[in-house]
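One file, final_19.txt, is given below (compact mmCIF, N, CA and C atoms).
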```txt
# COMPACT_ATOMS: atom_id res chain seq x y z
N MET A 1 -163.43 -65.37 -100.32
CA MET A 1 -163.56 -64.18 -99.52
C MET A 1 -162.17 -63.85 -98.96
N SER A 2 -161.87 -62.57 -98.97
CA SER A 2 -160.55 -62.15 -98.52
C SER A 2 -160.43 -62.27 -97.00
N PRO A 3 -159.20 -62.41 -96.51
CA PRO A 3 -159.00 -62.48 -95.06
C PRO A 3 -159.53 -61.24 -94.33
N LEU A 4 -159.45 -60.09 -94.98
CA LEU A 4 -159.95 -58.86 -94.36
C LEU A 4 -161.47 -58.92 -94.19
N MET A 5 -162.17 -59.43 -95.20
CA MET A 5 -163.63 -59.57 -95.10
C MET A 5 -164.00 -60.60 -94.04
N LEU A 6 -163.27 -61.70 -94.00
CA LEU A 6 -163.54 -62.72 -92.98
C LEU A 6 -163.38 -62.14 -91.58
N GLU A 7 -162.34 -61.33 -91.39
CA GLU A 7 -162.11 -60.72 -90.08
C GLU A 7 -163.23 -59.73 -89.75
N TYR A 8 -163.70 -59.00 -90.75
CA TYR A 8 -164.81 -58.08 -90.55
C TYR A 8 -166.04 -58.84 -90.05
N PHE A 9 -166.38 -59.93 -90.73
CA PHE A 9 -167.56 -60.71 -90.33
C PHE A 9 -167.33 -61.39 -88.98
N ARG A 10 -166.12 -61.84 -88.72
CA ARG A 10 -165.82 -62.46 -87.42
C ARG A 10 -166.04 -61.47 -86.29
N MET A 11 -165.53 -60.24 -86.47
CA MET A 11 -165.70 -59.21 -85.43
C MET A 11 -167.17 -58.82 -85.28
N ARG A 12 -167.87 -58.75 -86.37
CA ARG A 12 -169.30 -58.40 -86.33
C ARG A 12 -170.09 -59.47 -85.57
N LEU A 13 -169.79 -60.74 -85.86
CA LEU A 13 -170.46 -61.84 -85.17
C LEU A 13 -170.12 -61.84 -83.68
N LEU A 14 -168.86 -61.59 -83.35
CA LEU A 14 -168.46 -61.56 -81.94
C LEU A 14 -169.14 -60.43 -81.18
N ARG A 15 -169.28 -59.26 -81.82
CA ARG A 15 -169.99 -58.14 -81.17
C ARG A 15 -171.46 -58.50 -80.95
N TRP A 16 -172.09 -59.10 -81.96
CA TRP A 16 -173.49 -59.49 -81.88
C TRP A 16 -173.67 -60.50 -80.75
N GLN A 17 -172.76 -61.46 -80.68
CA GLN A 17 -172.80 -62.49 -79.64
C GLN A 17 -172.68 -61.84 -78.25
N ALA A 18 -171.76 -60.91 -78.11
CA ALA A 18 -171.56 -60.23 -76.82
C ALA A 18 -172.80 -59.44 -76.42
N GLU A 19 -173.44 -58.77 -77.38
CA GLU A 19 -174.66 -58.00 -77.08
C GLU A 19 -175.78 -58.93 -76.60
N LEU A 20 -175.95 -60.05 -77.28
CA LEU A 20 -177.00 -60.99 -76.89
C LEU A 20 -176.73 -61.58 -75.50
N LEU A 21 -175.48 -61.90 -75.22
CA LEU A 21 -175.14 -62.44 -73.90
C LEU A 21 -175.36 -61.41 -72.82
N GLN A 22 -175.03 -60.15 -73.09
CA GLN A 22 -175.26 -59.08 -72.12
C GLN A 22 -176.75 -58.92 -71.83
N GLU A 23 -177.57 -58.92 -72.89
CA GLU A 23 -179.02 -58.81 -72.70
C GLU A 23 -179.56 -59.98 -71.90
N SER A 24 -179.03 -61.15 -72.16
CA SER A 24 -179.46 -62.34 -71.44
C SER A 24 -179.11 -62.23 -69.96
N ASN A 25 -177.92 -61.76 -69.66
CA ASN A 25 -177.50 -61.59 -68.27
C ASN A 25 -178.36 -60.55 -67.56
N GLU A 26 -178.72 -59.48 -68.28
CA GLU A 26 -179.58 -58.46 -67.69
C GLU A 26 -180.96 -59.02 -67.37
N THR A 27 -181.48 -59.84 -68.28
CA THR A 27 -182.79 -60.46 -68.05
C THR A 27 -182.73 -61.38 -66.84
N LEU A 28 -181.69 -62.17 -66.77
CA LEU A 28 -181.52 -63.09 -65.65
C LEU A 28 -181.45 -62.33 -64.33
N ALA A 29 -180.68 -61.26 -64.30
CA ALA A 29 -180.57 -60.45 -63.08
C ALA A 29 -181.91 -59.84 -62.72
N SER A 30 -182.63 -59.36 -63.72
CA SER A 30 -183.94 -58.77 -63.48
C SER A 30 -184.93 -59.79 -62.92
N LEU A 31 -184.92 -60.98 -63.48
CA LEU A 31 -185.82 -62.02 -63.00
C LEU A 31 -185.47 -62.45 -61.57
N GLN A 32 -184.19 -62.43 -61.22
CA GLN A 32 -183.80 -62.82 -59.87
C GLN A 32 -184.21 -61.76 -58.86
N VAL A 33 -184.12 -60.50 -59.25
CA VAL A 33 -184.50 -59.40 -58.36
C VAL A 33 -186.02 -59.34 -58.21
N ASP A 34 -186.73 -59.43 -59.33
CA ASP A 34 -188.18 -59.29 -59.32
C ASP A 34 -188.91 -60.62 -59.16
N GLY A 35 -188.19 -61.72 -59.13
CA GLY A 35 -188.79 -63.05 -59.17
C GLY A 35 -189.77 -63.34 -58.06
N GLY A 36 -189.51 -62.89 -56.85
CA GLY A 36 -190.38 -63.22 -55.74
C GLY A 36 -191.46 -62.20 -55.48
N MET A 37 -191.46 -61.12 -56.23
CA MET A 37 -192.41 -60.04 -55.99
C MET A 37 -193.82 -60.47 -56.42
N GLN A 38 -194.76 -60.27 -55.53
CA GLN A 38 -196.16 -60.58 -55.83
C GLN A 38 -196.94 -59.27 -55.93
N GLU A 39 -197.62 -59.12 -57.03
CA GLU A 39 -198.47 -57.94 -57.21
C GLU A 39 -199.79 -58.19 -56.48
N PRO A 40 -200.26 -57.23 -55.69
CA PRO A 40 -201.52 -57.43 -54.96
C PRO A 40 -202.73 -57.46 -55.89
N ASP A 41 -202.68 -56.67 -56.94
CA ASP A 41 -203.82 -56.62 -57.87
C ASP A 41 -203.68 -57.73 -58.91
N LEU A 42 -204.78 -58.43 -59.15
CA LEU A 42 -204.78 -59.55 -60.10
C LEU A 42 -204.40 -59.11 -61.51
N ALA A 43 -204.90 -57.97 -61.94
CA ALA A 43 -204.59 -57.47 -63.29
C ALA A 43 -203.11 -57.11 -63.41
N ASP A 44 -202.56 -56.49 -62.36
CA ASP A 44 -201.14 -56.15 -62.36
C ASP A 44 -200.28 -57.41 -62.40
N ARG A 45 -200.68 -58.42 -61.64
CA ARG A 45 -199.94 -59.68 -61.61
C ARG A 45 -199.96 -60.34 -62.99
N ALA A 46 -201.11 -60.33 -63.64
CA ALA A 46 -201.23 -60.91 -64.98
C ALA A 46 -200.36 -60.16 -65.97
N SER A 47 -200.32 -58.85 -65.84
CA SER A 47 -199.50 -58.03 -66.73
C SER A 47 -198.01 -58.33 -66.55
N VAL A 48 -197.59 -58.46 -65.29
CA VAL A 48 -196.18 -58.78 -65.00
C VAL A 48 -195.83 -60.16 -65.54
N GLU A 49 -196.72 -61.12 -65.35
CA GLU A 49 -196.46 -62.48 -65.85
C GLU A 49 -196.40 -62.51 -67.37
N THR A 50 -197.27 -61.75 -68.03
CA THR A 50 -197.25 -61.67 -69.49
C THR A 50 -195.94 -61.07 -69.97
N ASP A 51 -195.49 -60.01 -69.30
CA ASP A 51 -194.21 -59.38 -69.67
C ASP A 51 -193.05 -60.36 -69.49
N ARG A 52 -193.07 -61.10 -68.40
CA ARG A 52 -192.00 -62.09 -68.15
C ARG A 52 -192.01 -63.19 -69.20
N ALA A 53 -193.20 -63.66 -69.54
CA ALA A 53 -193.30 -64.73 -70.54
C ALA A 53 -192.79 -64.24 -71.90
N LEU A 54 -193.12 -63.02 -72.26
CA LEU A 54 -192.63 -62.45 -73.51
C LEU A 54 -191.10 -62.32 -73.49
N GLU A 55 -190.58 -61.86 -72.38
CA GLU A 55 -189.12 -61.71 -72.23
C GLU A 55 -188.43 -63.07 -72.35
N LEU A 56 -189.00 -64.08 -71.72
CA LEU A 56 -188.40 -65.41 -71.79
C LEU A 56 -188.47 -66.00 -73.20
N ARG A 57 -189.55 -65.76 -73.91
CA ARG A 57 -189.64 -66.22 -75.31
C ARG A 57 -188.59 -65.53 -76.17
N THR A 58 -188.42 -64.23 -75.93
CA THR A 58 -187.40 -63.48 -76.68
C THR A 58 -186.02 -64.05 -76.39
N ARG A 59 -185.73 -64.32 -75.14
CA ARG A 59 -184.42 -64.87 -74.77
C ARG A 59 -184.23 -66.26 -75.37
N ASP A 60 -185.30 -67.05 -75.46
CA ASP A 60 -185.18 -68.37 -76.07
C ASP A 60 -184.82 -68.25 -77.55
N ARG A 61 -185.45 -67.31 -78.24
CA ARG A 61 -185.10 -67.07 -79.65
C ARG A 61 -183.64 -66.62 -79.77
N GLU A 62 -183.22 -65.77 -78.84
CA GLU A 62 -181.84 -65.30 -78.88
C GLU A 62 -180.86 -66.42 -78.54
N ARG A 63 -181.27 -67.36 -77.69
CA ARG A 63 -180.41 -68.51 -77.39
C ARG A 63 -180.16 -69.32 -78.65
N LYS A 64 -181.22 -69.50 -79.44
CA LYS A 64 -181.07 -70.23 -80.70
C LYS A 64 -180.20 -69.44 -81.66
N LEU A 65 -180.34 -68.12 -81.65
CA LEU A 65 -179.52 -67.26 -82.49
C LEU A 65 -178.05 -67.35 -82.08
N LEU A 66 -177.79 -67.44 -80.79
CA LEU A 66 -176.42 -67.58 -80.31
C LEU A 66 -175.76 -68.85 -80.85
N SER A 67 -176.52 -69.93 -80.95
CA SER A 67 -175.94 -71.16 -81.49
C SER A 67 -175.64 -71.00 -82.98
N LYS A 68 -176.47 -70.24 -83.69
CA LYS A 68 -176.20 -69.99 -85.11
C LYS A 68 -174.97 -69.09 -85.27
N ILE A 69 -174.82 -68.13 -84.38
CA ILE A 69 -173.63 -67.27 -84.42
C ILE A 69 -172.38 -68.11 -84.15
N SER A 70 -172.44 -69.00 -83.17
CA SER A 70 -171.30 -69.88 -82.88
C SER A 70 -170.96 -70.75 -84.08
N ALA A 71 -171.98 -71.26 -84.75
CA ALA A 71 -171.76 -72.08 -85.94
C ALA A 71 -171.10 -71.26 -87.05
N ALA A 72 -171.54 -70.00 -87.21
CA ALA A 72 -170.93 -69.13 -88.23
C ALA A 72 -169.46 -68.86 -87.90
N LEU A 73 -169.17 -68.64 -86.62
CA LEU A 73 -167.77 -68.43 -86.21
C LEU A 73 -166.93 -69.67 -86.49
N MET A 74 -167.51 -70.85 -86.27
CA MET A 74 -166.78 -72.09 -86.57
C MET A 74 -166.55 -72.23 -88.07
N ARG A 75 -167.52 -71.80 -88.89
CA ARG A 75 -167.34 -71.85 -90.34
C ARG A 75 -166.22 -70.90 -90.78
N ILE A 76 -166.10 -69.76 -90.10
CA ILE A 76 -165.00 -68.86 -90.42
C ILE A 76 -163.68 -69.56 -90.13
N GLU A 77 -163.61 -70.23 -88.99
CA GLU A 77 -162.37 -70.94 -88.61
C GLU A 77 -162.02 -72.07 -89.57
N ASP A 78 -163.04 -72.80 -90.03
CA ASP A 78 -162.72 -73.96 -90.90
C ASP A 78 -162.70 -73.61 -92.39
N GLY A 79 -162.96 -72.32 -92.71
CA GLY A 79 -162.84 -71.88 -94.09
C GLY A 79 -164.09 -72.06 -94.94
N SER A 80 -165.20 -72.47 -94.34
CA SER A 80 -166.41 -72.68 -95.13
C SER A 80 -167.40 -71.52 -95.04
N TYR A 81 -167.05 -70.48 -94.28
CA TYR A 81 -167.95 -69.33 -94.14
C TYR A 81 -168.07 -68.61 -95.48
N GLY A 82 -169.30 -68.23 -95.80
CA GLY A 82 -169.53 -67.47 -97.02
C GLY A 82 -169.83 -68.34 -98.22
N TYR A 83 -169.94 -69.65 -98.00
CA TYR A 83 -170.28 -70.57 -99.08
C TYR A 83 -171.58 -71.28 -98.76
N CYS A 84 -172.41 -71.43 -99.76
CA CYS A 84 -173.72 -72.07 -99.61
C CYS A 84 -173.54 -73.54 -99.24
N GLU A 85 -174.24 -73.96 -98.18
CA GLU A 85 -174.18 -75.36 -97.75
C GLU A 85 -174.82 -76.30 -98.76
N GLU A 86 -175.74 -75.79 -99.56
CA GLU A 86 -176.45 -76.63 -100.51
C GLU A 86 -175.71 -76.75 -101.85
N THR A 87 -175.24 -75.61 -102.36
CA THR A 87 -174.64 -75.62 -103.70
C THR A 87 -173.13 -75.49 -103.70
N GLY A 88 -172.57 -74.97 -102.62
CA GLY A 88 -171.13 -74.72 -102.57
C GLY A 88 -170.74 -73.40 -103.20
N ASP A 89 -171.71 -72.68 -103.77
CA ASP A 89 -171.43 -71.39 -104.39
C ASP A 89 -171.22 -70.32 -103.31
N PRO A 90 -170.48 -69.28 -103.65
CA PRO A 90 -170.31 -68.18 -102.68
C PRO A 90 -171.65 -67.51 -102.38
N ILE A 91 -171.82 -67.14 -101.13
CA ILE A 91 -172.99 -66.36 -100.71
C ILE A 91 -172.63 -64.90 -100.93
N GLY A 92 -173.53 -64.13 -101.52
CA GLY A 92 -173.26 -62.73 -101.80
C GLY A 92 -172.95 -61.93 -100.54
N VAL A 93 -172.04 -60.97 -100.69
CA VAL A 93 -171.65 -60.14 -99.55
C VAL A 93 -172.84 -59.35 -99.02
N LYS A 94 -173.71 -58.88 -99.91
CA LYS A 94 -174.90 -58.13 -99.46
C LYS A 94 -175.78 -59.01 -98.57
N ARG A 95 -175.91 -60.29 -98.93
CA ARG A 95 -176.70 -61.21 -98.12
C ARG A 95 -176.04 -61.43 -96.77
N LEU A 96 -174.73 -61.62 -96.77
CA LEU A 96 -174.02 -61.82 -95.50
C LEU A 96 -174.05 -60.55 -94.66
N GLU A 97 -174.04 -59.42 -95.31
CA GLU A 97 -174.13 -58.16 -94.57
C GLU A 97 -175.50 -58.06 -93.88
N ALA A 98 -176.55 -58.47 -94.58
CA ALA A 98 -177.90 -58.43 -94.02
C ALA A 98 -178.12 -59.53 -92.99
N ARG A 99 -177.53 -60.70 -93.22
CA ARG A 99 -177.71 -61.86 -92.34
C ARG A 99 -176.38 -62.60 -92.23
N PRO A 100 -175.51 -62.17 -91.32
CA PRO A 100 -174.17 -62.76 -91.22
C PRO A 100 -174.16 -64.25 -90.89
N ILE A 101 -175.29 -64.80 -90.43
CA ILE A 101 -175.34 -66.22 -90.08
C ILE A 101 -175.88 -67.06 -91.23
N ALA A 102 -176.09 -66.44 -92.39
CA ALA A 102 -176.66 -67.15 -93.53
C ALA A 102 -175.80 -68.36 -93.92
N THR A 103 -176.48 -69.46 -94.22
CA THR A 103 -175.78 -70.68 -94.66
C THR A 103 -176.14 -71.05 -96.08
N LEU A 104 -177.14 -70.36 -96.64
CA LEU A 104 -177.58 -70.64 -98.00
C LEU A 104 -177.47 -69.37 -98.84
N SER A 105 -177.15 -69.56 -100.13
CA SER A 105 -177.16 -68.42 -101.04
C SER A 105 -178.60 -67.94 -101.18
N LEU A 106 -178.79 -66.77 -101.72
CA LEU A 106 -180.13 -66.22 -101.89
C LEU A 106 -181.00 -67.15 -102.73
N GLU A 107 -180.44 -67.67 -103.80
CA GLU A 107 -181.20 -68.55 -104.68
C GLU A 107 -181.59 -69.85 -103.97
N ALA A 108 -180.65 -70.43 -103.24
CA ALA A 108 -180.94 -71.67 -102.52
C ALA A 108 -181.97 -71.42 -101.43
N GLN A 109 -181.89 -70.28 -100.76
CA GLN A 109 -182.86 -69.94 -99.71
C GLN A 109 -184.25 -69.78 -100.31
N GLU A 110 -184.33 -69.12 -101.46
CA GLU A 110 -185.63 -68.95 -102.11
C GLU A 110 -186.21 -70.30 -102.52
N ARG A 111 -185.37 -71.19 -103.05
CA ARG A 111 -185.84 -72.54 -103.40
C ARG A 111 -186.36 -73.27 -102.18
N HIS A 112 -185.61 -73.17 -101.11
CA HIS A 112 -185.97 -73.82 -99.85
C HIS A 112 -187.32 -73.29 -99.35
N GLU A 113 -187.53 -71.98 -99.40
CA GLU A 113 -188.78 -71.40 -98.94
C GLU A 113 -189.95 -71.78 -99.84
N ARG A 114 -189.71 -71.83 -101.16
CA ARG A 114 -190.78 -72.26 -102.08
C ARG A 114 -191.18 -73.70 -101.78
N LEU A 115 -190.21 -74.54 -101.56
CA LEU A 115 -190.48 -75.95 -101.24
C LEU A 115 -191.27 -76.05 -99.93
N GLU A 116 -190.88 -75.28 -98.94
CA GLU A 116 -191.61 -75.28 -97.66
C GLU A 116 -193.05 -74.86 -97.85
N ARG A 117 -193.28 -73.83 -98.67
CA ARG A 117 -194.65 -73.34 -98.90
C ARG A 117 -195.50 -74.40 -99.59
N THR A 118 -194.94 -75.06 -100.59
CA THR A 118 -195.72 -76.07 -101.30
C THR A 118 -196.01 -77.27 -100.42
N GLN A 119 -195.09 -77.64 -99.57
CA GLN A 119 -195.32 -78.77 -98.67
C GLN A 119 -196.29 -78.41 -97.56
N ARG A 120 -196.26 -77.17 -97.13
CA ARG A 120 -197.13 -76.72 -96.06
C ARG A 120 -198.58 -76.61 -96.53
N ASP A 121 -198.77 -76.27 -97.81
CA ASP A 121 -200.12 -76.13 -98.36
C ASP A 121 -200.84 -77.46 -98.50
N ASP A 122 -200.13 -78.58 -98.50
CA ASP A 122 -200.75 -79.89 -98.67
C ASP A 122 -201.57 -80.30 -97.47
```
Encoded form using structure tokens:
Amino acid sequence: MSPLMLEYFRMRLLRWQAELLQESNETLASLQVDGGMQEPDLADRASVETDRALELRTRDRERKLLSKISAALMRIEDGSYGYCEETGDPIGVKRLEARPIATLSLEAQERHERLERTQRDD
């Protein structure tokens, strides 16, 4: 992969990381402001709690995504970004464009998913 493409993906990952961190900070601020508020109506309280639980689950998924973004940035630094961890073959640019944190080529990912399905069916 050319240095220009690596820089493109590095900047894309950094922007994605910044967006996720900003959303996380907004959620944290919202929870601190609204955290002590008690809804008088039981249904309203349940609705607020459900919304908070959904928000926290979303943030947890994004936290895991942030670690994958950090790992991708480290792969850019060490020169292994864009290569399949399983086969060592280059990962297609279209795949990286769709999923910049990809660690497996499309073929290796498909094999991995087929194997998961067959093991899960047992």
Counting only C-alpha atoms, which of A:Val48, A:Ile69, A:Leu42, A:Leu54 gets nearest to Glu19 in chain A?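 Nearest candidate to Glu19 in chain A out of A:Val48, A:Ile69, A:Leu42, A:Leu54: A:Ile69.
Going from CA of Ile101 in chain A over to atom C of Ala72 in chain A, you cover 6.8 Å.
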Between CA of Arg12 in chain A and CA of Gly79 in chain A - distance in Å to one decimal: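 Taking CA of Gly79 in chain A and CA of Arg12 in chain A, their separation equals 16.8 Å.
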Go through chain A and collect every residue that DSSP, computed from the backbone, puts in helix (DSSP H, G or I); the answer should be as a ChimeraX atom specification. /A:3-34,42-78,93-98,106-121
Considering all atoms listed in the file, state which residue in the set A:Thr118, A:Glu55, A:Pro100, A:Arg111 is at the smallest distance from Leu73 in chain A.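 Smallest distance to Leu73 in chain A is found for A:Pro100.
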Min atom-atom distance to Ala102 in chain A from the set A:Pro3, A:Asp78, A:Glu116, A:Lys68, counting only C-alpha atoms, belongs to A:Lys68
Point-to-point distance from atom N of Ile91 in chain A to atom N of Arg117 in chain A, Å rounded to tenths: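 Atom N of Arg117 in chain A lies at a distance of 22.6 Å from atom N of Ile91 in chain A.
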Write out as a PDB file with N, CA and C atoms, in the frame of the given file the residues lying within 6.5 Å of Leu104 in chain A, counting all atoms listed in the file and excluding same-chain residues fewer than 2 positions away.
```
ATOM      1  N   TYR A  83    -169.940 -69.650 -98.000  1.00  0.00           N
ATOM      2  CA  TYR A  83    -170.280 -70.570 -99.080  1.00  0.00           C
ATOM      3  C   TYR A  83    -171.580 -71.280 -98.760  1.00  0.00           C
ATOM      4  N   CYS A  84    -172.410 -71.430 -99.760  1.00  0.00           N
ATOM      5  CA  CYS A  84    -173.720 -72.070 -99.610  1.00  0.00           C
ATOM      6  C   CYS A  84    -173.540 -73.540 -99.240  1.00  0.00           C
ATOM      7  N   GLU A  85    -174.240 -73.960 -98.180  1.00  0.00           N
ATOM      8  CA  GLU A  85    -174.180 -75.360 -97.750  1.00  0.00           C
ATOM      9  C   GLU A  85    -174.820 -76.300 -98.760  1.00  0.00           C
ATOM     10  N   GLU A  86    -175.740 -75.790 -99.560  1.00  0.00           N
ATOM     11  CA  GLU A  86    -176.450 -76.630-100.510  1.00  0.00           C
ATOM     12  C   GLU A  86    -175.710 -76.750-101.850  1.00  0.00           C
ATOM     13  N   ILE A  91    -171.820 -67.140-101.130  1.00  0.00           N
ATOM     14  CA  ILE A  91    -172.990 -66.360-100.710  1.00  0.00           C
ATOM     15  C   ILE A  91    -172.630 -64.900-100.930  1.00  0.00           C
ATOM     16  N   ILE A 101    -175.290 -64.800 -90.430  1.00  0.00           N
ATOM     17  CA  ILE A 101    -175.340 -66.220 -90.080  1.00  0.00           C
ATOM     18  C   ILE A 101    -175.880 -67.060 -91.230  1.00  0.00           C
ATOM     19  N   ALA A 102    -176.090 -66.440 -92.390  1.00  0.00           N
ATOM     20  CA  ALA A 102    -176.660 -67.150 -93.530  1.00  0.00           C
ATOM     21  C   ALA A 102    -175.800 -68.360 -93.920  1.00  0.00           C
ATOM     22  N   LEU A 106    -178.790 -66.770-101.720  1.00  0.00           N
ATOM     23  CA  LEU A 106    -180.130 -66.220-101.890  1.00  0.00           C
ATOM     24  C   LEU A 106    -181.000 -67.150-102.730  1.00  0.00           C
ATOM     25  N   GLU A 107    -180.440 -67.670-103.800  1.00  0.00           N
ATOM     26  CA  GLU A 107    -181.200 -68.550-104.680  1.00  0.00           C
ATOM     27  C   GLU A 107    -181.590 -69.850-103.970  1.00  0.00           C
ATOM     28  N   ALA A 108    -180.650 -70.430-103.240  1.00  0.00           N
ATOM     29  CA  ALA A 108    -180.940 -71.670-102.520  1.00  0.00           C
ATOM     30  C   ALA A 108    -181.970 -71.420-101.430  1.00  0.00           C
ATOM     31  N   GLN A 109    -181.890 -70.280-100.760  1.00  0.00           N
ATOM     32  CA  GLN A 109    -182.860 -69.940 -99.710  1.00  0.00           C
ATOM     33  C   GLN A 109    -184.250 -69.780-100.310  1.00  0.00           C
TER      34      GLN A 109
END
```
Pick out the closest residue to Leu20 in chain A from this set: A:Ile76, A:Val93, A:Leu66, A:Ala98. Count only N, CA and C atoms.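 When distances to Leu20 in chain A are compared using only N, CA and C atoms, the smallest one comes from A:Leu66.
Distance annotation: of A:Thr103, A:Ser47, A:Gln22, A:Gln119, the residue with the minimal separation from Tyr81 in chain A is A:Thr103; atom set is only N, CA and C atoms.
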